[in-house]
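Peer 1: Before we start, here is the structure in question, set down as structure tokens.
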Amino acid sequence: MKTLYIDKEIKYIGSQLAPHWIYKNFKIQGDAIVAFCGECEVKLSEMVDIEDVINKEPIYSKYMLSFISEQFNTELVEGVFRQRLLITIIKETLEKRGFKAERNGDDLFVNNKKLSVSIATKSLTSVLIHTGLNILSQNAPIDVSGLESDMGIKDIKEFAKEVMERYSLELEDIILASTKVRGV
């Protein structure tokens with residue numbers, strides 16, 4: 001899986017969770033994960049999570065680290081497993097840096113405050129995953145934790161690159177592990 005940290009700010013509005021967005025914008029073809037920082041504002045009309053639409057819960061963060069992944073030849077249930085793997089890798093990366101994070105499904109909490117948003121969905125050609133981590137906790141519609149404002153993590157780019165590299169290596173290792181066993 002290819003990885004890329006995008007150095008320019010991008011406002012995540014939900015429309016980026018689309019097939020071939022990574023390929024069209026960054027010329028990365030195939031399975032990939034990218035990360036970028038910027039404001040996050042997903043209106044109900046762009047929401048993929050039907051539960052959030054029913055509950056009228058749009059997403060807003062003044063400044064968020066977003067990960068977008070597109071993975072081909074994958075069904076939605078496997079995509080959700082891969083989303084949960086990404087969340088677990090983020091949790092482990094935080095814990096390696098000395099922060100205690102709690103995972104509940106695809107959500108991460110630090111000090112009982114929500115750190116993340118995440119969704120996995122299926123397009124005609126791929127599985128798409130968006131995971132966002134608050135960098136700043138100010139002006140959020142609910143009580144949230146922020147990587148920088150609450151945990152003091154300043155090296156967001158390095159954090160993002162470590163997460164993406166670990167995720168890519170883990171998926172490659174899973175595929176490799178499946179090739180070394182004898183069928184019974």
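A note on labels: chains of the structure tokens are A, B, ... as shown, every chain counts residues from 1, and ligands are counted from 1 in their shown order.
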Please report, as a tab-separated table, each residue of segment 136-182 of chain A lying at most 12 Å from segment 1-22 of chain A, together with the nearest pair of atoms and the separation in Å rounded to one decimal; use only C-alpha atoms, and order rows by chain and ascending residue number.

Peer 2:
residue	atom	partner	partner_atom	distance
A:Ile156	CA	A:Tyr5	CA	10.3
A:Lys157	CA	A:Tyr5	CA	7.1
A:Glu158	CA	A:Tyr5	CA	9.1
A:Phe159	CA	A:Tyr5	CA	10.4
A:Ala160	CA	A:Tyr5	CA	7.3
A:Lys161	CA	A:Tyr5	CA	6.6
A:Glu162	CA	A:Thr3	CA	10.3
A:Val163	CA	A:Thr3	CA	10.0
A:Met164	CA	A:Thr3	CA	6.3
A:Glu165	CA	A:Thr3	CA	7.0
A:Arg166	CA	A:Thr3	CA	10.3
A:Tyr167	CA	A:Met1	CA	8.7
A:Ser168	CA	A:Met1	CA	5.3
A:Leu169	CA	A:Met1	CA	8.0
A:Glu170	CA	A:Met1	CA	9.9
A:Leu171	CA	A:Met1	CA	7.8
A:Glu172	CA	A:Met1	CA	7.4
A:Asp173	CA	A:Met1	CA	11.1
A:Ile175	CA	A:Met1	CA	11.3

Peer 1: Okay, now the selection with C-alpha atoms, as an mmCIF file, in the first residue's frame?

Peer 2:
data_model
loop_
_atom_site.group_PDB
_atom_site.id
_atom_site.type_symbol
_atom_site.label_atom_id
_atom_site.label_comp_id
_atom_site.auth_asym_id
_atom_site.auth_seq_id
_atom_site.Cartn_x
_atom_site.Cartn_y
_atom_site.Cartn_z
ATOM 1 C CA ILE A 156 1.620 15.827 13.602
ATOM 2 C CA LYS A 157 3.308 15.068 10.263
ATOM 3 C CA GLU A 158 5.679 12.522 11.826
ATOM 4 C CA PHE A 159 2.812 10.997 13.814
ATOM 5 C CA ALA A 160 0.743 10.638 10.616
ATOM 6 C CA LYS A 161 3.639 9.132 8.679
ATOM 7 C CA GLU A 162 4.295 6.592 11.433
ATOM 8 C CA VAL A 163 0.625 5.552 11.494
ATOM 9 C CA MET A 164 0.469 5.180 7.702
ATOM 10 C CA GLU A 165 3.725 3.227 7.529
ATOM 11 C CA ARG A 166 2.639 0.854 10.304
ATOM 12 C CA TYR A 167 -0.764 0.373 8.629
ATOM 13 C CA SER A 168 0.802 -0.333 5.235
ATOM 14 C CA LEU A 169 3.308 -2.796 6.693
ATOM 15 C CA GLU A 170 0.622 -4.568 8.735
ATOM 16 C CA LEU A 171 -1.592 -5.090 5.678
ATOM 17 C CA GLU A 172 1.382 -6.342 3.643
ATOM 18 C CA ASP A 173 2.313 -8.718 6.475
ATOM 19 C CA ILE A 175 -1.186 -10.835 2.918
#

Peer 1: As an exercise, work out the distance from atom CA of Ala101 of chain A to atom CA of Ile135 of chain A in Å and give it to one decimal place.

Peer 2: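 Separation between atom CA of Ala101 of chain A and atom CA of Ile135 of chain A: 14.9 Å.
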
Peer 1: Once DSSP has gone over the backbone, tell me which residues of chain A are in strand (DSSP E or B), as a tab-separated table (two decimals) with C-alpha atoms, in the first residue's frame.

Peer 2:
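Okay, part.tsv is ready:
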chain	number	residue	atom	x	y	z
A	2	LYS	CA	1.32	3.41	-0.97
A	3	THR	CA	1.42	6.24	1.59
A	4	LEU	CA	1.62	10.01	1.27
A	5	TYR	CA	1.56	12.90	3.70
A	12	TYR	CA	-12.24	17.83	4.74
A	32	ALA	CA	-3.19	3.88	-0.86
A	33	ILE	CA	-3.52	5.90	2.31
A	34	VAL	CA	-2.93	9.65	2.49
A	35	ALA	CA	-2.96	12.08	5.40
A	36	PHE	CA	-3.42	15.84	5.63
A	37	CYS	CA	-4.40	18.51	8.13
A	38	GLY	CA	-7.11	21.12	7.96
A	39	GLU	CA	-10.54	22.11	9.10
A	40	CYS	CA	-13.20	19.41	9.00
A	41	GLU	CA	-16.84	20.24	8.30
A	42	VAL	CA	-19.08	17.47	7.02
A	59	ILE	CA	-19.08	16.68	12.01
A	60	TYR	CA	-16.96	19.71	12.77
A	61	SER	CA	-13.38	20.22	13.89
A	62	LYS	CA	-11.43	23.45	13.72
A	63	TYR	CA	-8.25	21.54	12.89
A	64	MET	CA	-8.05	17.81	12.20
A	65	LEU	CA	-5.57	15.23	10.95
A	66	SER	CA	-7.41	13.24	8.27
A	67	PHE	CA	-6.47	9.87	6.84
A	68	ILE	CA	-8.15	8.73	3.63
A	69	SER	CA	-7.56	5.25	2.30
A	70	GLU	CA	-8.79	3.57	-0.86
A	71	GLN	CA	-8.40	-0.18	-1.18
A	72	PHE	CA	-9.42	-2.23	-4.19
A	102	GLU	CA	-9.67	3.78	24.81
A	103	ARG	CA	-11.19	2.20	21.72
A	104	ASN	CA	-14.91	1.63	21.33
A	107	ASP	CA	-13.93	5.50	17.97
A	108	LEU	CA	-10.96	6.54	20.10
A	109	PHE	CA	-11.26	8.40	23.39
A	110	VAL	CA	-8.58	10.11	25.46
A	113	LYS	CA	-13.28	12.71	25.36
A	114	LYS	CA	-13.72	11.72	21.74
A	116	SER	CA	-11.64	10.48	16.39
A	117	VAL	CA	-14.25	10.17	13.71
A	118	SER	CA	-14.12	7.26	11.29
A	119	ILE	CA	-16.17	5.63	8.56
A	120	ALA	CA	-15.67	2.87	6.02
A	121	THR	CA	-17.85	2.60	2.94
A	122	LYS	CA	-17.94	0.82	-0.40
A	126	SER	CA	-13.17	0.01	-3.83
A	127	VAL	CA	-13.49	0.37	-0.09
A	128	LEU	CA	-12.98	3.91	1.19
A	129	ILE	CA	-11.97	4.81	4.74
A	130	HIS	CA	-11.82	8.22	6.40
A	131	THR	CA	-10.43	8.57	9.90
A	132	GLY	CA	-9.98	11.98	11.46
A	133	LEU	CA	-8.20	12.90	14.68
A	134	ASN	CA	-8.81	16.26	16.32
A	144	VAL	CA	-13.32	16.22	22.30

Peer 1: If you measure from atom CA of Asn25 of chain A to atom CA of Leu85 of chain A, what distance in Å do you get, rounded to one decimal?

Peer 2: 25.5 Å

Peer 1: Quick one: residues within 7 Å of Glu148 of chain A, only C-alpha atoms, excluding same-chain residues fewer than 4 positions away - as a list in words?

Peer 2: Ile135, Leu136, Gly152, Ile153 and Lys154 of chain A

Peer 1: Using N, CA and C atoms, can you export the residues from the last selection as a CSV table (one decimal), in the first residue's frame?

Peer 2:
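And here is the file that came out, result_15.csv:
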chain,number,residue,atom,x,y,z
A,135,ILE,N,-6.9,17.7,16.1
A,135,ILE,CA,-5.6,18.3,16.5
A,135,ILE,C,-5.9,19.3,17.6
A,136,LEU,N,-6.9,20.2,17.4
A,136,LEU,CA,-7.4,21.2,18.3
A,136,LEU,C,-8.8,20.8,18.8
A,152,GLY,N,-0.5,17.6,23.6
A,152,GLY,CA,0.8,18.2,23.4
A,152,GLY,C,1.7,17.6,22.2
A,153,ILE,N,1.0,16.9,21.4
A,153,ILE,CA,1.7,16.3,20.2
A,153,ILE,C,1.9,17.4,19.2
A,154,LYS,N,3.1,17.8,18.9
A,154,LYS,CA,3.4,18.9,18.0
A,154,LYS,C,3.8,18.4,16.6
